[in-house]
Amino acid sequence: MSEYVADLTDDKWENEVLQAKGPVLVDFWAAWCGPCRNLAPTVDSVAEKYQGKARVYKLNVDENPLSPAKYGIRGIPTLILFKDGQEVERQVGVPQNPHQAISSLIDQHL
Amino acid sequence: MANQYDVVIIGGGPTGLAAAVYTGRSLLKTLVLEQSMPGGQIVLSAAIDNYPGFADGISGYDFAQSFLKHAQRFGAEVRIGTGATSVVRNDDGTFTVGLSDGGEVIARAVILAMGRHPRKLDIPGYDRLFGSGVSVCATCDGAFFRNVPVAVVGGGNSAVEEGFFLTRYASEIRSIHRRDHFTAQKILIEEYLGNPKVQPVWNSVVEEIYGEKEVEGIRVRNLQSGESEDLEAKAVFVFIGWIPNSALVKDLVRLDDQGRVLVNELMETGVPGLYGAGDLCVRPIYQLANVVADGVQAAVSVEKYLESSGQSRH
């Protein structure tokens, strides 16, 4: 379990994402997705870096089918950055230099 | 010196990590640069069933993680998320490798193991709908397409293997190939075509992927009749070959007409101290076991080179 990245569920989506103020990053993943598992430690370190500035969640798409369907997730890993409940950035797949790429998504919306 | 290494290995896939196991065990100060995922393309594989010794198969992710640990166990430093931006041969025979984080390192020898990336379809809709139904990874994305028709493009091992994986989820698979037969391994083809969900569409190419926000279908042209037809598909999985990641060294080493690095049986590029290995290079076959062997050969060649050149170790 990650120290800085909380598990998100469909039930909590409304409160934790849509009603939240400021930037919220959601990492859509599944256990069978190798690249997702590869990306997880990077998402964790990004979450640590932005502690107090941005909240970071991961959402298991197998256990929580509603939110991925609503946002048209058709491939994972997908990261979506929300600000004040609105989607502002989306990253599909594992980018080059993932730590920097994810950080720069957040930096634009702090 | 902190930024000086006996060997810098560019690429942390199976080839680069195999090389690192060997250079580490030879007590060479080793740096592996991996710009994205340790394991590289193999991480996308749901199950590796043809790597000798793994009788029950192993997932690409687990394989890559174990490989990474193995390299680290013998002392290799692996920088994940840092790629190489330049390789320059210095007058004293060493190499300066520029890093994506703005730094640079000096290496007595360099092993190029950057691998290759999937070729894109250069047609309308591909880029626009990538991640919204267009995919190059059945393992990652297949489960989003349960009980709907999908298309697979290509006819080699990747297309047939990944297509077979998709039979778990999709209602039907239109398998589009420009020839009239697949070129994959026979056991894979039998398994694939034996599945009732799979419908091959021979002698055909995809002209367009359409859909507003998500893939809704494709337009396919038969190369013999010249006629086009629309097929319903909620996803298009594309496996039409590879492009070597050789841009970094195109002015430093010899490439073939496909951009692959030319090496001899010792993995030498012709530039003293500079070696190429694995998917990046011209190889007789592109299988996990032989690109791993390439890494081992490159490592042993580096060790001999450093001994014979009499350069002191770091």
# chains A, B, ... in the order shown; residues from 1 in each chain; ligands from 1

call {"tool": "closest_atom_pairs", "arguments": {"of": "segment 41-98 of chain B", "to": "segment 136-153 of chain B", "cutoff": "10 Å", "atoms": "only C-alpha atoms", "output": "tab-separated table"}}
result
residue	atom	partner	partner_atom	distance
B:Gln41	CA	B:Cys137	CA	9.7
B:Val43	CA	B:Thr139	CA	9.5
B:Leu44	CA	B:Cys137	CA	6.3
B:Ser45	CA	B:Thr139	CA	6.6
B:Ala46	CA	B:Thr139	CA	5.6
B:Ala47	CA	B:Thr139	CA	9.2

call {"tool": "write_last_selection", "arguments": {"atoms": "C-alpha atoms", "output": "short mmCIF file (atom, residue, chain, number, x, y, z; two decimals), in the first residue's frame"}}
result
data_model
loop_
_atom_site.label_atom_id
_atom_site.label_comp_id
_atom_site.auth_asym_id
_atom_site.auth_seq_id
_atom_site.Cartn_x
_atom_site.Cartn_y
_atom_site.Cartn_z
CA GLN B 41 8.28 -3.61 -24.48
CA VAL B 43 6.20 -5.34 -19.85
CA LEU B 44 3.29 -5.19 -22.29
CA SER B 45 3.27 -8.98 -22.56
CA ALA B 46 0.55 -10.68 -20.52
CA ALA B 47 2.37 -14.00 -20.45
#

call {"tool": "select_by_dssp", "arguments": {"residues": "segment 152-190 of chain B", "states": "strand (DSSP E or B)", "output": "list in words"}}
result
Val152, Val153, Glu172, Ile173, Arg174, Ser175 and Ile176 of chain B

call {"tool": "interface_residues", "arguments": {"of": "chain B", "to": "chain A", "cutoff": "12 Å", "atoms": "only C-alpha atoms", "output": "JSON, numbers by chain"}}
result
{"B": [33, 34, 35, 36, 37, 38, 39, 40, 41, 42, 43, 44, 45, 46, 47, 58, 59, 60, 61, 62, 63, 64, 65, 68, 79, 80, 81, 82, 83, 84, 99, 100, 101, 129, 130, 131, 132, 133, 134, 135, 136, 137, 138, 139, 140, 141, 142, 143, 144, 145, 146, 213, 214, 215, 234, 235, 236, 237]}

call {"tool": "closest_residue", "arguments": {"among": "A:Lys70, A:Arg90, A:Lys83, A:Lys12", "to": "Arg55 of chain A", "atoms": "only C-alpha atoms"}}
result
A:Lys83

call {"tool": "atom_distance", "arguments": {"atom1": "atom CA of Lys250 of chain B", "atom2": "atom CA of Asp279 of chain B"}}
result
15.6 Å

call {"tool": "closest_residue", "arguments": {"among": "B:Tyr210, B:Val8, B:Val87, B:Ser171", "to": "Asp127 of chain B", "atoms": "only C-alpha atoms"}}
result
B:Tyr210

call {"tool": "select_by_dssp", "arguments": {"residues": "chain A", "states": "helix (DSSP H, G or I)", "output": "ChimeraX atom specification"}}
result
/A:10-18,34-49,66-70,98-107

call {"tool": "residues_around", "arguments": {"residues": "Pro41 of chain A", "least_positions_apart": "6", "cutoff": "10 Å", "atoms": "only C-alpha atoms", "output": "list in words"}}
result
Ser2, Val5, Ala47 and His99 of chain A

call {"tool": "write_last_selection", "arguments": {"atoms": "N, CA and C atoms", "output": "JSON list (two decimals), in the first residue's frame"}}
result
[["chain", "number", "residue", "atom", "x", "y", "z"],
["A", 2, "SER", "N", 0.39, 2.18, -0.73],
["A", 2, "SER", "CA", 1.15, 3.42, -0.84],
["A", 2, "SER", "C", 0.82, 4.36, 0.33],
["A", 5, "VAL", "N", -0.65, 7.74, -1.80],
["A", 5, "VAL", "CA", -1.71, 7.60, -2.80],
["A", 5, "VAL", "C", -2.85, 6.78, -2.19],
["A", 47, "ALA", "N", 3.16, 11.94, -5.75],
["A", 47, "ALA", "CA", 2.21, 12.27, -4.68],
["A", 47, "ALA", "C", 2.95, 12.83, -3.46],
["A", 99, "HIS", "N", 8.22, 10.75, -14.23],
["A", 99, "HIS", "CA", 8.12, 11.63, -13.06],
["A", 99, "HIS", "C", 7.98, 13.09, -13.50]]

call {"tool": "closest_residue", "arguments": {"among": "B:Val205, B:Met267, B:Ala184, B:Val110", "to": "Cys281 of chain B", "atoms": "only C-alpha atoms"}}
result
B:Met267

call {"tool": "residues_around", "arguments": {"residues": "Lys53 of chain A", "least_positions_apart": "4", "cutoff": "12 Å", "atoms": "only C-alpha atoms", "output": "ChimeraX atom specification"}}
result
/A:21-25,46-49,83,103,106-107,109-110

call {"tool": "residues_around", "arguments": {"residues": "Val292 of chain B", "least_positions_apart": "3", "cutoff": "9 Å", "atoms": "only C-alpha atoms", "output": "list in words"}}
result
Pro14, Thr15, Gly16, Leu17, Ala18, Ala19, Ala277, Gly278, Gln287, Leu288, Ala289, Gly295, Val296 and Gln297 of chain B

call {"tool": "write_last_selection", "arguments": {"atoms": "N, CA and C atoms", "output": "PDB file, in the first residue's frame"}}
result
ATOM      1  N   PRO B  14      15.245  -6.152 -21.460  1.00  0.00           N
ATOM      2  CA  PRO B  14      15.944  -7.413 -21.187  1.00  0.00           C
ATOM      3  C   PRO B  14      17.398  -7.424 -21.692  1.00  0.00           C
ATOM      4  N   THR B  15      17.650  -6.824 -22.843  1.00  0.00           N
ATOM      5  CA  THR B  15      19.016  -6.798 -23.378  1.00  0.00           C
ATOM      6  C   THR B  15      19.950  -5.989 -22.467  1.00  0.00           C
ATOM      7  N   GLY B  16      19.545  -4.774 -22.159  1.00  0.00           N
ATOM      8  CA  GLY B  16      20.373  -3.904 -21.332  1.00  0.00           C
ATOM      9  C   GLY B  16      20.570  -4.454 -19.928  1.00  0.00           C
ATOM     10  N   LEU B  17      19.509  -5.022 -19.358  1.00  0.00           N
ATOM     11  CA  LEU B  17      19.621  -5.548 -17.991  1.00  0.00           C
ATOM     12  C   LEU B  17      20.468  -6.822 -17.964  1.00  0.00           C
ATOM     13  N   ALA B  18      20.376  -7.636 -19.032  1.00  0.00           N
ATOM     14  CA  ALA B  18      21.238  -8.826 -19.102  1.00  0.00           C
ATOM     15  C   ALA B  18      22.705  -8.402 -19.163  1.00  0.00           C
ATOM     16  N   ALA B  19      22.963  -7.375 -19.970  1.00  0.00           N
ATOM     17  CA  ALA B  19      24.331  -6.860 -20.046  1.00  0.00           C
ATOM     18  C   ALA B  19      24.789  -6.378 -18.670  1.00  0.00           C
ATOM     19  N   ALA B 277      23.162  -4.009 -29.169  1.00  0.00           N
ATOM     20  CA  ALA B 277      22.618  -5.332 -28.846  1.00  0.00           C
ATOM     21  C   ALA B 277      21.102  -5.303 -28.847  1.00  0.00           C
ATOM     22  N   GLY B 278      20.527  -6.444 -29.192  1.00  0.00           N
ATOM     23  CA  GLY B 278      19.081  -6.622 -29.053  1.00  0.00           C
ATOM     24  C   GLY B 278      18.265  -6.041 -30.195  1.00  0.00           C
ATOM     25  N   GLN B 287      13.623 -12.580 -30.681  1.00  0.00           N
ATOM     26  CA  GLN B 287      12.979 -13.305 -29.602  1.00  0.00           C
ATOM     27  C   GLN B 287      13.668 -12.935 -28.295  1.00  0.00           C
ATOM     28  N   LEU B 288      12.918 -13.060 -27.204  1.00  0.00           N
ATOM     29  CA  LEU B 288      13.448 -12.658 -25.904  1.00  0.00           C
ATOM     30  C   LEU B 288      14.778 -13.343 -25.601  1.00  0.00           C
ATOM     31  N   ALA B 289      14.841 -14.656 -25.846  1.00  0.00           N
ATOM     32  CA  ALA B 289      16.036 -15.403 -25.459  1.00  0.00           C
ATOM     33  C   ALA B 289      17.271 -14.915 -26.215  1.00  0.00           C
ATOM     34  N   GLY B 295      22.785  -9.180 -25.042  1.00  0.00           N
ATOM     35  CA  GLY B 295      23.243  -8.357 -23.925  1.00  0.00           C
ATOM     36  C   GLY B 295      24.440  -8.989 -23.233  1.00  0.00           C
ATOM     37  N   VAL B 296      24.371 -10.294 -23.067  1.00  0.00           N
ATOM     38  CA  VAL B 296      25.474 -11.027 -22.432  1.00  0.00           C
ATOM     39  C   VAL B 296      26.740 -10.904 -23.287  1.00  0.00           C
ATOM     40  N   GLN B 297      26.592 -11.106 -24.587  1.00  0.00           N
ATOM     41  CA  GLN B 297      27.753 -11.005 -25.486  1.00  0.00           C
ATOM     42  C   GLN B 297      28.349  -9.600 -25.457  1.00  0.00           C
TER      43      GLN B 297
END

call {"tool": "closest_residue", "arguments": {"among": "B:Thr30, B:Gly211, B:Ala298, B:Ile240", "to": "Gln72 of chain B", "atoms": "only C-alpha atoms"}}
result
B:Thr30
